[in-house]
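Enquirer: Here you go, input28.cif (mmCIF, C-alpha atoms):
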```cif
data_entry
loop_
_atom_site.label_atom_id
_atom_site.label_comp_id
_atom_site.auth_asym_id
_atom_site.auth_seq_id
_atom_site.Cartn_x
_atom_site.Cartn_y
_atom_site.Cartn_z
CA MET A 1 0.00 0.00 0.00
CA ARG A 2 2.81 2.32 0.90
CA THR A 3 4.41 1.74 -2.49
CA HIS A 4 1.08 2.34 -4.16
CA VAL A 5 0.62 5.66 -2.38
CA SER A 6 4.20 6.63 -3.23
CA SER A 7 3.55 5.89 -6.89
CA ILE A 8 0.46 8.04 -6.86
CA LEU A 9 2.35 10.85 -5.16
CA ALA A 10 5.20 10.52 -7.65
CA GLY A 11 2.65 10.72 -10.44
CA ILE A 12 1.11 13.85 -8.99
CA VAL A 13 4.54 15.43 -8.57
CA GLY A 14 5.35 14.47 -12.16
CA VAL A 15 2.20 16.12 -13.45
CA LEU A 16 2.97 19.23 -11.44
CA LEU A 17 6.47 19.37 -12.85
CA LEU A 18 5.15 19.03 -16.37
CA SER A 19 2.47 21.63 -15.81
CA PRO A 20 3.04 25.15 -17.06
CA SER A 21 4.82 27.32 -14.56
CA PRO A 22 2.59 29.92 -12.96
CA ARG A 23 5.57 32.25 -13.22
CA ALA A 24 5.10 34.00 -16.49
CA HIS A 25 8.56 35.44 -16.95
CA HIS A 26 10.28 32.17 -17.68
CA GLY A 27 9.79 28.47 -17.28
CA ALA A 28 11.37 26.96 -14.18
CA ALA A 29 13.24 24.33 -16.18
CA SER A 30 15.03 26.98 -18.22
CA LEU A 31 17.12 28.04 -15.23
CA TYR A 32 16.66 25.57 -12.40
CA ASP A 33 17.01 21.87 -11.70
CA VAL A 34 13.33 21.18 -11.03
CA ASN A 35 14.11 17.59 -10.08
CA LYS A 36 16.31 18.63 -7.18
CA GLU A 37 15.29 20.31 -3.95
CA THR A 38 17.70 21.80 -1.47
CA THR A 39 16.54 22.45 2.09
CA ILE A 40 18.82 24.51 4.29
CA LYS A 41 18.76 26.78 7.32
CA VAL A 42 19.76 30.25 6.24
CA THR A 43 20.00 33.88 7.17
CA ILE A 44 18.08 36.23 4.90
CA THR A 45 20.46 38.77 3.34
CA GLU A 46 17.91 40.62 1.22
CA PHE A 47 14.22 40.58 0.42
CA THR A 48 13.44 42.75 -2.59
CA TRP A 49 9.83 43.15 -3.67
CA THR A 50 10.28 43.71 -7.40
CA ASN A 51 9.47 42.56 -10.91
CA PRO A 52 9.64 40.19 -12.63
CA HIS A 53 10.33 38.16 -9.47
CA VAL A 54 10.66 38.99 -5.82
CA GLU A 55 14.31 38.37 -4.93
CA VAL A 56 15.49 36.61 -1.80
CA GLY A 57 19.16 36.57 -0.85
CA ILE A 58 20.24 33.81 1.53
CA ALA A 59 23.42 32.73 3.31
CA SER A 60 23.84 29.34 4.93
CA VAL A 61 23.85 29.50 8.73
CA GLU A 62 26.42 26.73 8.83
CA ASP A 63 28.75 28.28 6.28
CA LYS A 64 28.16 31.96 5.59
CA SER A 65 30.22 31.78 2.41
CA GLN A 66 27.47 29.64 0.88
CA ARG A 67 25.13 32.19 -0.66
CA TRP A 68 22.34 32.06 -3.22
CA LEU A 69 19.95 34.48 -4.84
CA LEU A 70 16.48 32.96 -4.99
CA GLU A 71 13.50 34.05 -6.99
CA LEU A 72 9.89 34.06 -5.94
CA GLY A 73 6.88 34.71 -8.17
CA SER A 74 5.64 38.15 -9.14
CA PRO A 75 3.97 40.16 -6.38
CA PRO A 76 0.36 39.74 -7.63
CA ASN A 77 0.78 35.99 -7.76
CA ILE A 78 2.35 35.47 -4.37
CA VAL A 79 0.14 37.84 -2.36
CA ASN A 80 -2.59 35.27 -2.92
CA ARG A 81 -0.45 32.81 -0.99
CA GLY A 82 0.02 35.07 2.00
CA TRP A 83 3.22 36.88 1.07
CA THR A 84 3.66 40.57 1.72
CA ALA A 85 6.54 42.96 1.14
CA LYS A 86 7.39 42.49 4.83
CA SER A 87 7.25 38.70 5.02
CA LEU A 88 11.04 38.52 5.34
CA LYS A 89 13.79 40.95 6.22
CA PRO A 90 17.58 40.80 6.33
CA GLY A 91 18.77 38.98 9.43
CA ASP A 92 15.80 36.60 9.68
CA VAL A 93 16.87 33.00 10.25
CA VAL A 94 14.59 30.62 8.40
CA THR A 95 14.59 27.27 6.64
CA VAL A 96 14.21 27.44 2.88
CA THR A 97 13.58 24.82 0.22
CA PHE A 98 14.50 25.64 -3.35
CA ASN A 99 15.35 24.22 -6.77
CA PRO A 100 19.03 25.07 -7.30
CA GLY A 101 20.27 26.73 -10.47
CA LEU A 102 21.45 24.73 -13.44
CA ARG A 103 25.07 24.85 -14.59
CA GLY A 104 26.25 25.51 -11.05
CA MET A 105 24.75 29.00 -10.91
CA ARG A 106 24.29 30.29 -7.37
CA ILE A 107 20.63 30.99 -7.93
CA GLY A 108 17.48 29.14 -7.05
CA ARG A 109 13.73 28.94 -7.30
CA LEU A 110 12.25 29.31 -3.83
CA LEU A 111 9.62 26.71 -3.04
CA LYS A 112 9.01 27.08 0.69
CA VAL A 113 10.07 29.07 3.71
CA VAL A 114 9.59 27.91 7.28
CA LEU A 115 9.60 30.89 9.63
CA PRO A 116 10.96 30.72 13.19
CA ASP A 117 7.41 30.38 14.55
CA GLY A 118 6.80 27.35 12.32
CA LYS A 119 4.58 29.21 9.88
CA GLU A 120 5.16 28.18 6.28
CA LEU A 121 5.04 30.34 3.18
CA THR A 122 4.99 28.61 -0.16
CA ALA A 123 5.86 30.03 -3.55
CA MET B 124 -35.22 91.38 -36.70
CA SER B 125 -31.80 90.83 -35.31
CA ALA B 126 -30.03 87.47 -35.41
CA HIS B 127 -30.33 87.25 -31.63
CA VAL B 128 -34.10 87.48 -31.76
CA VAL B 129 -34.30 84.75 -34.43
CA ILE B 130 -32.15 82.41 -32.36
CA LEU B 131 -34.21 83.05 -29.25
CA ALA B 132 -37.43 82.42 -31.18
CA ILE B 133 -36.14 79.09 -32.53
CA ALA B 134 -34.92 78.08 -29.10
CA GLY B 135 -38.35 78.85 -27.70
CA LEU B 136 -40.08 76.71 -30.30
CA VAL B 137 -37.72 73.81 -29.62
CA ALA B 138 -38.30 74.12 -25.89
CA ALA B 139 -42.06 74.19 -26.39
CA GLY B 140 -41.88 71.09 -28.55
CA CYS B 141 -39.94 69.22 -25.94
CA ALA B 142 -42.25 70.26 -23.15
CA GLY B 143 -45.34 69.30 -25.10
CA GLY B 144 -44.65 65.58 -24.75
CA SER B 145 -45.95 64.84 -28.22
CA ALA B 146 -42.82 62.88 -29.24
CA SER B 147 -42.95 59.16 -28.50
CA PRO B 148 -40.27 58.04 -26.04
CA ALA B 149 -37.26 56.23 -27.49
CA PRO B 150 -37.50 52.48 -27.01
CA ALA B 151 -35.44 51.21 -24.11
CA PRO B 152 -32.29 49.44 -25.26
CA ALA B 153 -32.36 45.67 -25.00
CA PRO B 154 -30.60 44.48 -21.86
CA ARG B 155 -27.12 43.22 -22.61
CA PRO B 156 -25.69 40.06 -21.14
CA ASP B 157 -23.36 40.67 -18.23
CA ILE B 158 -19.84 39.38 -18.78
CA SER B 159 -18.30 41.88 -16.41
CA GLY B 160 -16.22 40.72 -13.51
CA THR B 161 -12.78 39.45 -12.62
CA TRP B 162 -11.49 36.41 -14.47
CA HIS B 163 -8.36 34.31 -14.63
CA ASN B 164 -6.82 31.46 -16.56
CA PRO B 165 -7.29 28.33 -14.42
CA LEU B 166 -4.33 26.69 -16.15
CA GLY B 167 -2.03 29.26 -14.60
CA GLY B 168 -0.59 30.57 -17.83
CA GLY B 169 1.94 29.03 -20.12
CA ASN B 170 -0.66 26.99 -21.97
CA ARG B 171 -0.42 26.95 -25.73
CA LEU B 172 -3.05 27.80 -28.27
CA ARG B 173 -4.18 24.87 -30.33
CA PRO B 174 -7.25 23.77 -32.27
CA ALA B 175 -9.74 21.50 -30.54
CA GLU B 176 -8.77 18.82 -33.05
CA GLY B 177 -5.85 18.36 -35.39
CA ASP B 178 -2.81 20.52 -35.83
CA ILE B 179 -2.36 24.20 -36.45
CA PRO B 180 -2.45 24.66 -40.27
CA PHE B 181 0.80 26.58 -40.62
CA THR B 182 1.95 28.10 -43.88
CA PRO B 183 5.64 27.35 -44.57
CA TRP B 184 6.48 30.79 -43.17
CA GLY B 185 4.40 30.13 -40.05
CA ALA B 186 6.03 26.75 -39.49
CA GLU B 187 9.47 28.26 -39.88
CA GLN B 188 8.72 31.00 -37.36
CA MET B 189 7.29 28.52 -34.87
CA LYS B 190 10.36 26.32 -35.17
CA ALA B 191 12.71 29.25 -34.71
CA ALA B 192 10.92 30.60 -31.63
CA ARG B 193 12.74 30.02 -28.36
CA PRO B 194 10.17 30.41 -25.60
CA THR B 195 11.37 30.68 -22.04
CA PHE B 196 9.52 27.54 -21.02
CA THR B 197 11.51 25.04 -22.99
CA ASN B 198 14.89 26.59 -23.62
CA ASP B 199 17.85 28.01 -21.85
CA PHE B 200 16.48 31.34 -20.71
CA ARG B 201 19.57 33.14 -21.99
CA GLU B 202 18.69 32.20 -25.54
CA THR B 203 15.04 33.17 -25.51
CA THR B 204 13.57 35.06 -28.47
CA ASP B 205 10.37 35.91 -26.60
CA PRO B 206 9.75 39.60 -27.41
CA ALA B 207 7.73 40.12 -24.23
CA VAL B 208 10.81 39.16 -22.21
CA LEU B 209 13.72 40.19 -24.41
CA TYR B 210 12.36 43.65 -25.18
CA ALA B 211 9.69 43.92 -22.47
CA ASP B 212 7.19 44.36 -25.31
CA PRO B 213 3.50 44.20 -24.48
CA ASN B 214 2.34 40.59 -24.46
CA GLY B 215 -0.06 41.06 -27.35
CA TYR B 216 -3.32 39.23 -27.79
CA PRO B 217 -4.74 36.77 -26.88
CA ARG B 218 -1.54 35.91 -25.03
CA ILE B 219 -2.11 38.47 -22.29
CA MET B 220 -5.54 37.06 -21.54
CA MET B 221 -3.87 33.68 -20.85
CA HIS B 222 -1.36 35.24 -18.44
CA PRO B 223 -1.59 33.85 -14.89
CA MET B 224 -2.54 37.24 -13.52
CA LYS B 225 -6.19 38.19 -13.53
CA PHE B 226 -8.13 40.49 -15.82
CA LYS B 227 -11.36 42.41 -15.46
CA LEU B 228 -14.11 42.95 -17.98
CA VAL B 229 -15.88 46.28 -17.66
CA GLN B 230 -18.93 47.08 -19.77
CA THR B 231 -20.19 50.53 -20.64
CA ASP B 232 -22.88 51.50 -23.14
CA ASP B 233 -20.44 51.70 -26.03
CA TYR B 234 -17.40 49.68 -25.03
CA VAL B 235 -16.23 46.54 -23.33
CA TYR B 236 -12.87 47.02 -21.66
CA GLN B 237 -10.44 44.24 -20.84
CA LEU B 238 -8.20 45.41 -17.99
CA PHE B 239 -5.20 43.16 -17.58
CA GLU B 240 -3.38 43.17 -14.27
CA TYR B 241 -0.11 42.25 -15.94
CA ASN B 242 1.66 45.36 -17.18
CA GLN B 243 -1.49 47.43 -16.63
CA ASN B 244 -2.35 46.82 -20.27
CA TRP B 245 -5.92 47.23 -21.46
CA ARG B 246 -7.89 46.58 -24.61
CA GLN B 247 -11.08 48.22 -25.78
CA ILE B 248 -13.86 46.66 -27.80
CA ALA B 249 -16.14 49.18 -29.49
CA VAL B 250 -19.68 47.82 -29.37
CA ASP B 251 -21.96 48.32 -32.38
CA GLN B 252 -19.35 50.42 -34.12
CA ALA B 253 -17.41 49.98 -37.34
CA HIS B 254 -13.71 49.32 -37.73
CA ALA B 255 -11.58 52.40 -38.19
CA PRO B 256 -9.91 51.27 -41.43
CA ASP B 257 -7.07 53.78 -41.47
CA ASP B 258 -5.83 53.14 -37.96
CA PRO B 259 -2.20 52.04 -37.80
CA PRO B 260 -1.42 48.57 -36.44
CA THR B 261 -1.33 48.40 -32.65
CA TRP B 262 -0.31 45.90 -29.97
CA TYR B 263 -3.92 45.02 -29.17
CA GLY B 264 -5.60 45.69 -32.51
CA ASN B 265 -8.70 47.48 -33.61
CA ALA B 266 -11.61 45.61 -32.02
CA VAL B 267 -15.33 45.98 -32.63
CA GLY B 268 -18.04 43.85 -31.08
CA LYS B 269 -21.69 42.94 -31.46
CA TRP B 270 -24.00 41.02 -29.20
CA ASP B 271 -25.40 37.85 -30.74
CA GLY B 272 -27.89 36.70 -28.14
CA ASP B 273 -25.85 35.85 -25.05
CA THR B 274 -22.56 36.01 -26.93
CA LEU B 275 -20.30 38.99 -27.58
CA VAL B 276 -18.76 38.53 -31.02
CA VAL B 277 -15.56 40.54 -31.41
CA ASP B 278 -13.84 41.17 -34.72
CA THR B 279 -10.29 42.51 -34.47
CA THR B 280 -7.81 43.56 -37.15
CA GLY B 281 -4.79 45.84 -37.19
CA PHE B 282 -2.35 43.93 -35.03
CA LYS B 283 1.36 44.65 -35.02
CA ALA B 284 3.06 41.56 -36.36
CA SER B 285 5.83 41.37 -33.78
CA THR B 286 3.92 39.83 -30.87
CA TRP B 287 3.49 36.14 -30.13
CA LEU B 288 -0.06 34.81 -29.94
CA ASP B 289 0.89 32.64 -26.96
CA SER B 290 3.90 32.23 -24.71
CA ARG B 291 5.13 29.29 -26.81
CA GLY B 292 5.95 31.47 -29.78
CA LEU B 293 2.88 31.08 -31.99
CA PRO B 294 3.49 33.59 -34.82
CA HIS B 295 1.23 35.83 -36.88
CA THR B 296 1.48 38.54 -39.49
CA ASP B 297 -0.19 41.93 -39.80
CA GLN B 298 -2.92 40.20 -41.83
CA LEU B 299 -4.23 38.59 -38.66
CA ARG B 300 -7.95 38.84 -38.09
CA LEU B 301 -9.37 37.48 -34.86
CA ILE B 302 -12.99 36.57 -34.37
CA GLU B 303 -13.80 35.95 -30.72
CA ARG B 304 -17.00 34.74 -29.15
CA PHE B 305 -17.30 35.58 -25.44
CA ARG B 306 -20.01 33.72 -23.57
CA ARG B 307 -20.57 33.58 -19.86
CA ASP B 308 -22.04 30.60 -18.10
CA GLY B 309 -22.24 31.44 -14.41
CA ASP B 310 -18.70 31.62 -13.08
CA THR B 311 -17.15 30.42 -16.33
CA LEU B 312 -16.26 32.57 -19.31
CA ALA B 313 -15.82 30.68 -22.56
CA VAL B 314 -13.91 32.46 -25.29
CA GLU B 315 -13.78 30.85 -28.71
CA VAL B 316 -11.00 32.44 -30.75
CA THR B 317 -10.73 31.99 -34.53
CA PHE B 318 -7.38 32.87 -36.10
CA ASP B 319 -7.58 33.99 -39.71
CA ASP B 320 -4.16 34.95 -41.06
CA PRO B 321 -3.24 33.86 -44.60
CA GLY B 322 0.37 34.81 -43.89
CA ALA B 323 0.77 32.36 -41.01
CA PHE B 324 -2.04 29.81 -41.48
CA THR B 325 -3.35 28.04 -44.58
CA LYS B 326 -6.92 28.27 -43.27
CA PRO B 327 -8.74 29.75 -40.28
CA TRP B 328 -8.67 27.65 -37.12
CA THR B 329 -10.30 27.94 -33.72
CA ALA B 330 -9.10 27.54 -30.14
CA GLN B 331 -11.31 27.30 -27.08
CA LEU B 332 -10.24 29.21 -23.98
CA THR B 333 -11.93 28.98 -20.61
CA PHE B 334 -11.61 31.41 -17.73
CA GLU B 335 -12.88 31.21 -14.18
CA ARG B 336 -14.45 34.00 -12.23
CA VAL B 337 -12.39 34.99 -9.21
CA GLU B 338 -13.11 37.23 -6.29
CA ASP B 339 -12.96 40.85 -7.25
CA GLY B 340 -10.11 42.76 -5.75
CA MET B 341 -7.39 45.29 -6.21
CA MET B 342 -5.31 45.05 -9.32
CA ILE B 343 -1.71 45.12 -8.17
CA GLU B 344 0.64 47.27 -10.23
CA THR B 345 3.03 45.00 -12.08
CA ILE B 346 4.68 46.88 -14.87
CA PHE B 347 7.52 44.93 -16.41
CA THR B 348 10.22 47.22 -17.79
CA ILE B 349 13.48 46.92 -19.67
CA SER B 350 15.24 47.75 -16.40
CA ASP B 351 13.48 44.82 -14.72
CA GLU B 352 14.72 42.46 -17.39
CA LEU B 353 18.26 43.85 -17.34
CA ARG B 354 18.28 43.61 -13.55
CA PHE B 355 17.11 40.01 -13.66
CA ARG B 356 19.74 39.11 -16.26
CA GLU B 357 22.48 40.81 -14.33
CA ARG B 358 21.59 39.32 -10.96
CA PHE B 359 20.42 35.84 -11.95
CA LEU B 360 22.38 35.17 -15.12
CA GLY B 361 25.49 37.24 -14.50
CA ILE B 362 25.01 39.20 -17.71
CA PRO B 363 26.13 42.80 -17.08
CA SER B 364 23.62 45.46 -18.03
CA PRO B 365 24.78 47.70 -20.90
CA ILE B 366 22.98 50.68 -19.34
CA PRO B 367 22.42 51.80 -15.76
CA ILE B 368 19.52 49.92 -14.18
CA ARG B 369 16.73 52.09 -12.81
CA ARG B 370 14.45 51.03 -9.97
#
```
Starting from the coordinates I provided, produce the structure as structure tokens.
Expert:
Amino acid sequence: MRTHVSSILAGIVGVLLLSPSPRAHHGAASLYDVNKETTIKVTITEFTWTNPHVEVGIASVEDKSQRWLLELGSPPNIVNRGWTAKSLKPGDVVTVTFNPGLRGMRIGRLLKVVLPDGKELTA
Amino acid sequence: MSAHVVILAIAGLVAAGCAGGSASPAPAPAPRPDISGTWHNPLGGGNRLRPAEGDIPFTPWGAEQMKAARPTFTNDFRETTDPAVLYADPNGYPRIMMHPMKFKLVQTDDYVYQLFEYNQNWRQIAVDQAHAPDDPPTWYGNAVGKWDGDTLVVDTTGFKASTWLDSRGLPHTDQLRLIERFRRDGDTLAVEVTFDDPGAFTKPWTAQLTFERVEDGMMIETIFTISDELRFRERFLGIPSPIPIRR
């Protein structure tokens, strides 16, 4: 049964990956490894509410030299999921999950943030 | 008799005629179906235009353009030829209606307005009016509409040729003529779009689009500029901007 459920879940994930990206500026697969997810505890270094994507700078808590620039959706898309221009600020310590950039680029596509109080924000 | 006296006399006669109530009242206009409201593409954008059955009947030129297009969805972003990204051009039509951000339909006596949240672009459909034949080509065309029962039939010509019809790179020429049929069924808006463009297609073909009504609300300003694109390329792709980036 467990295997069966896993297969169904894998199928759902597959469909989601094949579905058009709700981010209109570019497809996720054109810049990011959509089959890989990185989850890491980080310090927020910037949170810029801008077009075409809100930008989130992060530095690993464990190794501050490990830095990435992550993209979120466009403001009108993500406000529907509870984001505001003040959801994050430099210095916040949170756990992020993202698709890392292809070709070794230090960029990523933010999927989820877990705030210190346990609240989750998804992209 | 001075000219002033003549004018006053005529004005008096006109006023008397109006006050007399002898003229029959103008018939009330027929009520028009209500397609107003806030709508969005339930597929979340990125979907391609295609006929309900079969393939798009490309001319050789159309097929060549489609093959050469490098949309951002399926290619290395750095190589995209998407004019709405590369040049921050307006999305064009019907592509912008398929954008994941919402749009509103607003009806007045003489026009139906499509207000698109993305880029604060808007399109106007002149109801019961004729095409303006000498208008230059525009991003969103010269649209006129008529009500056919519960359906708004919109006829649009005069499109600039440089836009894509969808985000996958579907091409067209300045010969494009769109016939759209907007029909509302409760919280669903069905839009049947027929593409007639002898430059890009060997025969007219029709796509069916469906939109869902969403809760009305503020339209959030999201104007995508050249600076936004240069900033994104510089920060995410490491491509230096050739000009100073403005915020």
Enquirer: Return the single residue from A:Val93, A:Leu88, A:Ala28, A:Val56 that is closest to chain B, with distances computed using only C-alpha atoms.
Expert: A:Ala28
Enquirer: May I have the residues within 7 Å of B:Lys269 as a ChimeraX atom specification, using only C-alpha atoms and disregarding those fewer than 6 positions away in the same chain?
Expert: /B:250-251,275-277
Enquirer: If you count only C-alpha atoms, which residues fall within 8 Å of A:Leu115, apart from same-chain ones fewer than 5 positions away, as a list in words?
Expert: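 Here the qualifying residues turn out to be Val93, Val94, Thr95, Glu120 and Leu121 of chain A.
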Enquirer: Which of these, B:Ser285, B:Gln188, B:Thr203, B:Gln237, has the shortest distance to B:Thr261 once you count only C-alpha atoms?
Expert: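 Smallest separation from B:Thr261 among the options: B:Ser285.
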Enquirer: Would you translate the PyMOL selection byres ((chain A) within 12 of (chain B)) into the concrete set of residues it matches in this file, as a short mmCIF file (atom, residue, chain, number, x, y, z; two decimals) with C-alpha atoms, keeping the file's coordinate frame?
Expert:
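Once everything was written out, this is out02.cif:
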```cif
data_model
loop_
_atom_site.label_atom_id
_atom_site.label_comp_id
_atom_site.auth_asym_id
_atom_site.auth_seq_id
_atom_site.Cartn_x
_atom_site.Cartn_y
_atom_site.Cartn_z
CA LEU A 16 2.97 19.23 -11.44
CA LEU A 17 6.47 19.37 -12.85
CA LEU A 18 5.15 19.03 -16.37
CA SER A 19 2.47 21.63 -15.81
CA PRO A 20 3.04 25.15 -17.06
CA SER A 21 4.82 27.32 -14.56
CA PRO A 22 2.59 29.92 -12.96
CA ARG A 23 5.57 32.25 -13.22
CA ALA A 24 5.10 34.00 -16.49
CA HIS A 25 8.56 35.44 -16.95
CA HIS A 26 10.28 32.17 -17.68
CA GLY A 27 9.79 28.47 -17.28
CA ALA A 28 11.37 26.96 -14.18
CA ALA A 29 13.24 24.33 -16.18
CA SER A 30 15.03 26.98 -18.22
CA LEU A 31 17.12 28.04 -15.23
CA TYR A 32 16.66 25.57 -12.40
CA ASP A 33 17.01 21.87 -11.70
CA THR A 48 13.44 42.75 -2.59
CA TRP A 49 9.83 43.15 -3.67
CA THR A 50 10.28 43.71 -7.40
CA ASN A 51 9.47 42.56 -10.91
CA PRO A 52 9.64 40.19 -12.63
CA HIS A 53 10.33 38.16 -9.47
CA VAL A 54 10.66 38.99 -5.82
CA GLU A 55 14.31 38.37 -4.93
CA VAL A 56 15.49 36.61 -1.80
CA GLY A 57 19.16 36.57 -0.85
CA TRP A 68 22.34 32.06 -3.22
CA LEU A 69 19.95 34.48 -4.84
CA LEU A 70 16.48 32.96 -4.99
CA GLU A 71 13.50 34.05 -6.99
CA GLY A 73 6.88 34.71 -8.17
CA SER A 74 5.64 38.15 -9.14
CA PRO A 75 3.97 40.16 -6.38
CA PRO A 76 0.36 39.74 -7.63
CA ASN A 77 0.78 35.99 -7.76
CA ILE A 78 2.35 35.47 -4.37
CA VAL A 79 0.14 37.84 -2.36
CA ASN A 80 -2.59 35.27 -2.92
CA PRO A 100 19.03 25.07 -7.30
CA GLY A 101 20.27 26.73 -10.47
CA LEU A 102 21.45 24.73 -13.44
CA ARG A 103 25.07 24.85 -14.59
CA GLY A 104 26.25 25.51 -11.05
CA MET A 105 24.75 29.00 -10.91
CA ARG A 106 24.29 30.29 -7.37
CA ILE A 107 20.63 30.99 -7.93
CA GLY A 108 17.48 29.14 -7.05
CA ARG A 109 13.73 28.94 -7.30
#
```
Enquirer: Counting only C-alpha atoms, what is within 9 Å of stretch 327-335 of chain B, bar same-chain residues fewer than 6 positions away, as a ChimeraX atom specification?
Expert: /B:161-166,172-175,179-180,221,310-321
Enquirer: Would you export the selected residues with C-alpha atoms as a PDB file, in the frame of the given file, please?
Expert:
```pdb
ATOM      1  CA  THR B 161     -12.780  39.450 -12.620  1.00  0.00           C
ATOM      2  CA  TRP B 162     -11.490  36.410 -14.470  1.00  0.00           C
ATOM      3  CA  HIS B 163      -8.360  34.310 -14.630  1.00  0.00           C
ATOM      4  CA  ASN B 164      -6.820  31.460 -16.560  1.00  0.00           C
ATOM      5  CA  PRO B 165      -7.290  28.330 -14.420  1.00  0.00           C
ATOM      6  CA  LEU B 166      -4.330  26.690 -16.150  1.00  0.00           C
ATOM      7  CA  LEU B 172      -3.050  27.800 -28.270  1.00  0.00           C
ATOM      8  CA  ARG B 173      -4.180  24.870 -30.330  1.00  0.00           C
ATOM      9  CA  PRO B 174      -7.250  23.770 -32.270  1.00  0.00           C
ATOM     10  CA  ALA B 175      -9.740  21.500 -30.540  1.00  0.00           C
ATOM     11  CA  ILE B 179      -2.360  24.200 -36.450  1.00  0.00           C
ATOM     12  CA  PRO B 180      -2.450  24.660 -40.270  1.00  0.00           C
ATOM     13  CA  MET B 221      -3.870  33.680 -20.850  1.00  0.00           C
ATOM     14  CA  ASP B 310     -18.700  31.620 -13.080  1.00  0.00           C
ATOM     15  CA  THR B 311     -17.150  30.420 -16.330  1.00  0.00           C
ATOM     16  CA  LEU B 312     -16.260  32.570 -19.310  1.00  0.00           C
ATOM     17  CA  ALA B 313     -15.820  30.680 -22.560  1.00  0.00           C
ATOM     18  CA  VAL B 314     -13.910  32.460 -25.290  1.00  0.00           C
ATOM     19  CA  GLU B 315     -13.780  30.850 -28.710  1.00  0.00           C
ATOM     20  CA  VAL B 316     -11.000  32.440 -30.750  1.00  0.00           C
ATOM     21  CA  THR B 317     -10.730  31.990 -34.530  1.00  0.00           C
ATOM     22  CA  PHE B 318      -7.380  32.870 -36.100  1.00  0.00           C
ATOM     23  CA  ASP B 319      -7.580  33.990 -39.710  1.00  0.00           C
ATOM     24  CA  ASP B 320      -4.160  34.950 -41.060  1.00  0.00           C
ATOM     25  CA  PRO B 321      -3.240  33.860 -44.600  1.00  0.00           C
TER      26      PRO B 321
END
```
Enquirer: Quick one, how far is atom CA of B:Phe324 from atom CA of B:Gly264?
Expert: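 Separation of atom CA of B:Phe324 and atom CA of B:Gly264: 18.6 Å.
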Enquirer: Running the PyMOL selection byres ((chain B and resi 236) around 9) on this model by hand, what would come out? Give it as a PyMOL selection string.
Expert: chain B and resi 227-231+234-235+237-238+245-249
Enquirer: Starting from the shown file, work through the PyMOL selection byres ((chain B and resi 155) around 10) and note down what comes out as a JSON list (two decimals) with C-alpha atoms, in the coordinates of the input.
Expert:
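Here's the written file selection-v4.json:
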```json
[["chain", "number", "residue", "atom", "x", "y", "z"],
["B", 152, "PRO", "CA", -32.29, 49.44, -25.26],
["B", 153, "ALA", "CA", -32.36, 45.67, -25.00],
["B", 154, "PRO", "CA", -30.60, 44.48, -21.86],
["B", 156, "PRO", "CA", -25.69, 40.06, -21.14],
["B", 157, "ASP", "CA", -23.36, 40.67, -18.23],
["B", 158, "ILE", "CA", -19.84, 39.38, -18.78],
["B", 230, "GLN", "CA", -18.93, 47.08, -19.77],
["B", 232, "ASP", "CA", -22.88, 51.50, -23.14],
["B", 270, "TRP", "CA", -24.00, 41.02, -29.20],
["B", 271, "ASP", "CA", -25.40, 37.85, -30.74],
["B", 272, "GLY", "CA", -27.89, 36.70, -28.14],
["B", 273, "ASP", "CA", -25.85, 35.85, -25.05],
["B", 274, "THR", "CA", -22.56, 36.01, -26.93],
["B", 275, "LEU", "CA", -20.30, 38.99, -27.58]]
```
Enquirer: List the neighbours of B:Pro260 out to 8 Å using all atoms listed in the file; skip same-chain residues closer than 6 positions along the sequence, and give me the result as a compact mmCIF listing (two decimals) with C-alpha atoms, in the coordinates of the input.
Expert:
```txt
# COMPACT_ATOMS: atom_id res chain seq x y z
CA GLY B 281 -4.79 45.84 -37.19
CA PHE B 282 -2.35 43.93 -35.03
CA LYS B 283 1.36 44.65 -35.02
CA ASP B 297 -0.19 41.93 -39.80
```
Enquirer: Figure out the distance between atom CA of B:Ala192 and atom CA of B:Arg356, please, to one decimal in Å.
Expert: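 Separating atom CA of B:Arg356 from atom CA of B:Ala192 is a distance of 19.7 Å.
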Enquirer: Quick one, how far is atom CA of B:Pro213 from atom CA of B:Asn244?
Expert: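 Between atom CA of B:Pro213 and atom CA of B:Asn244 the gap works out to 7.7 Å.
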